[in-house]
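Asker: My questions will all concern the structure given below.
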Amino acid sequence: MAAPADAPALCSAVPAVEPGALSHWALIRRRFVQHRLAVAALFLLGVLYLLAATAEFFAPYPRQWRDLTHAYCPPQLPKFSLRHGLYVPAMRSHVDPLTFKRTYLEDPARVIGLGFFVKGEPYRLFGLIPWDRHFCGVREGAVRRDDGTAPTFFFLGADKYGQDIFSRLVYGSRISLSVGLVAIAVTFLLGVTIGGVSGYVGGTLDNVIQRVIEIVNAFPQIPLWLAFGAVLPADWPPLSTYFAITLVLSLLGWTGLARVVRGKILALREEDYATAARLLGASHARILFRHLLPGFTSHIIVVLTMSVPAMVLGETSLSFLGLGLRPPIVSWGVMLKDCESIQTVANYPWLLMPVVLIVLTVLCFNFLGDGLRDAADPYSTK
């Protein structure tokens, strides 16, 4: 029997891929892409972490480079002209003989030519590849200063030691952004393990663990950070201090994830597949980590993503108060120590540039977590 005349039309009306044919992770990915703020936040975070990973290439100057003759130099915004190409105007400093305050004026007779992929201080990219090229810097053959030294420029200004704010921001992102990731890795291990055992075993052990979590959450966070920071010896090497700070942040941040994992395990441990695995002789560890935890991996990712901003703010707070990372380590919190005086902030507002990156990072992680939270349940309606 011949097919109906409208059969091709009916076939063409069927979507190429049925929603039910997609895997759970494919549905999550499709739902996440629809959240534009989350996608934009993920892109910006990728840019920030790329800058942190290749700080030596994108920073015009090394981490501890300084030019004392240009202390508190204001930002020099790049300009473009057909005659000079990309350039910044040179700055002349003047010190008031009465107040000793240094002021800067643009020198219209001199310009500093800029270029891309210019030669600069040699370094090792990723600690392995020797190179001397920087993304942006002073062009070769630029006119030197009156004292014969090479010209300098400061995109975002300089601090009291004449250190380039932009370069220090790029290097500081390596510490401030990685602290959150390392602390989250420890938080993941503690939260998933302790929360999973608490929900799966139950009984007295569950009660003890929950009381410990309540005690940890009852302490005010900032005073507890100060207490932990004060215990750290001031003569510790920078690397030891870095790992100590991440450990402190992890020991205070695992409770939220542990409670989420416990609640999910309590709801899933009596499911048919868990009971079947138990009857087949599977060990408790296999049931917990092989069968139960993978069932809500997306929720764990959301909780971890929302916890990273707290870790970044914790490191910034400790370093700003002088109880966390200390010079010569460069982080956003260490840079903000120069802003303790309101008079300094009023006269040199560009020293607050780390605040801009901190706010941007926290907002990006919050938007990303919001998008992941919506995508974690792809079957719900908006």
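Numbering starts fresh at 1 for the residues of each chain in the structure tokens, the chains themselves are lettered A, B, ... in the order given, and ligands are numbered from 1 as they appear.
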Name the residues of segment 96-252 of chain A that come out as strand (DSSP E) in a backbone DSSP run; write them as a ChimeraX atom specification.

Answerer: /A:102-125,129-138

Asker: Counting only C-alpha atoms, what is within 12 Å of Val95 of chain A, bar same-chain residues fewer than 3 positions away, as a compact mmCIF listing (two decimals) with C-alpha atoms, in the first residue's frame?

Answerer:
# COMPACT_ATOMS: atom_id res chain seq x y z
CA THR A 69 62.13 58.30 40.03
CA HIS A 70 58.48 57.66 39.06
CA ALA A 71 56.93 56.91 42.45
CA ARG A 92 57.92 64.94 33.95
CA LEU A 98 57.47 73.15 50.69
CA THR A 99 55.20 70.09 50.88
CA PHE A 100 57.60 67.65 49.14
CA LYS A 101 54.62 66.35 47.18
CA ARG A 102 55.50 64.92 43.79
CA THR A 103 53.31 65.88 40.83
CA TYR A 104 53.51 64.76 37.21
CA LEU A 105 52.84 66.64 34.00

Asker: If we count only C-alpha atoms, what is near segment 174-179 of chain A at a cut-off of 9 Å, once residues fewer than 3 positions away on the same chain are taken out, given as a PyMOL selection string?

Answerer: chain A and resi 48-49+51-53+55+169-171+182-184+242-243+245-246+249+308+311-313+315-316+329-333+358+361

Asker: Please produce a file of the residues just selected, as a short mmCIF file (atom, residue, chain, number, x, y, z; two decimals), in the first residue's frame, where the atoms kept are C-alpha atoms.

Answerer:
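The resulting file, out20.cif, is shown below:
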data_model
loop_
_atom_site.label_atom_id
_atom_site.label_comp_id
_atom_site.auth_asym_id
_atom_site.auth_seq_id
_atom_site.Cartn_x
_atom_site.Cartn_y
_atom_site.Cartn_z
CA LEU A 48 42.06 35.89 33.83
CA TYR A 49 43.53 32.44 34.31
CA LEU A 51 46.92 35.98 32.17
CA ALA A 52 47.89 34.30 35.43
CA ALA A 53 49.46 31.30 33.69
CA ALA A 55 52.14 36.43 33.57
CA LEU A 169 48.19 42.88 39.00
CA VAL A 170 49.05 40.25 36.40
CA TYR A 171 51.53 38.53 38.71
CA VAL A 182 43.92 24.80 45.63
CA ALA A 183 41.70 25.47 48.65
CA ILE A 184 38.67 24.14 46.78
CA TYR A 242 50.99 30.13 50.66
CA PHE A 243 50.11 26.52 51.41
CA ILE A 245 46.80 30.00 53.92
CA THR A 246 45.13 27.56 51.52
CA LEU A 249 40.75 28.49 54.09
CA VAL A 308 35.68 29.89 45.19
CA MET A 311 38.32 31.62 49.23
CA VAL A 312 39.57 34.54 47.11
CA LEU A 313 38.06 37.08 49.52
CA GLU A 315 43.06 35.36 51.08
CA THR A 316 42.58 39.03 50.22
CA ILE A 329 54.88 37.58 47.36
CA VAL A 330 52.60 39.58 45.08
CA SER A 331 48.86 39.09 45.45
CA TRP A 332 45.87 41.39 45.19
CA GLY A 333 45.53 41.45 48.97
CA ILE A 358 38.54 41.17 42.90
CA THR A 361 36.36 37.72 39.74
#

Asker: For Lys79 of chain A, please output as a tab-separated table (two decimals) with C-alpha atoms, in the first residue's frame all residues within 8 Å (counting only C-alpha atoms; exclusion window: fewer than 3 positions along the same chain).

Answerer:
chain	number	residue	atom	x	y	z
A	86	LEU	CA	50.92	53.59	19.42
A	87	TYR	CA	52.50	55.64	22.19
A	88	VAL	CA	52.12	57.11	25.65

Asker: Quick check for you: according to DSSP on this backbone, which residues of segment 168-362 of chain A are classed as helix (DSSP H, G or I)? Reply as JSON, numbers by chain.

Answerer: {"A": [168, 169, 170, 171, 172, 173, 174, 175, 176, 177, 178, 179, 180, 181, 182, 183, 184, 185, 186, 187, 188, 189, 190, 191, 192, 193, 194, 195, 196, 197, 198, 199, 200, 201, 203, 204, 205, 206, 207, 208, 209, 210, 211, 212, 213, 214, 215, 216, 217, 218, 221, 222, 223, 224, 225, 226, 227, 228, 229, 230, 231, 238, 239, 240, 241, 242, 243, 244, 245, 246, 247, 248, 249, 250, 251, 252, 253, 255, 256, 257, 258, 259, 260, 261, 262, 263, 264, 265, 266, 267, 268, 272, 273, 274, 275, 276, 277, 278, 279, 284, 285, 286, 287, 288, 289, 290, 291, 292, 293, 294, 295, 296, 297, 298, 299, 300, 301, 302, 303, 304, 305, 306, 307, 308, 309, 310, 311, 312, 313, 314, 315, 316, 317, 318, 319, 320, 332, 333, 334, 335, 336, 337, 338, 339, 342, 343, 344, 345, 346, 347, 349, 350, 351, 352, 353, 354, 355, 356, 357, 358, 359, 360, 361, 362]}
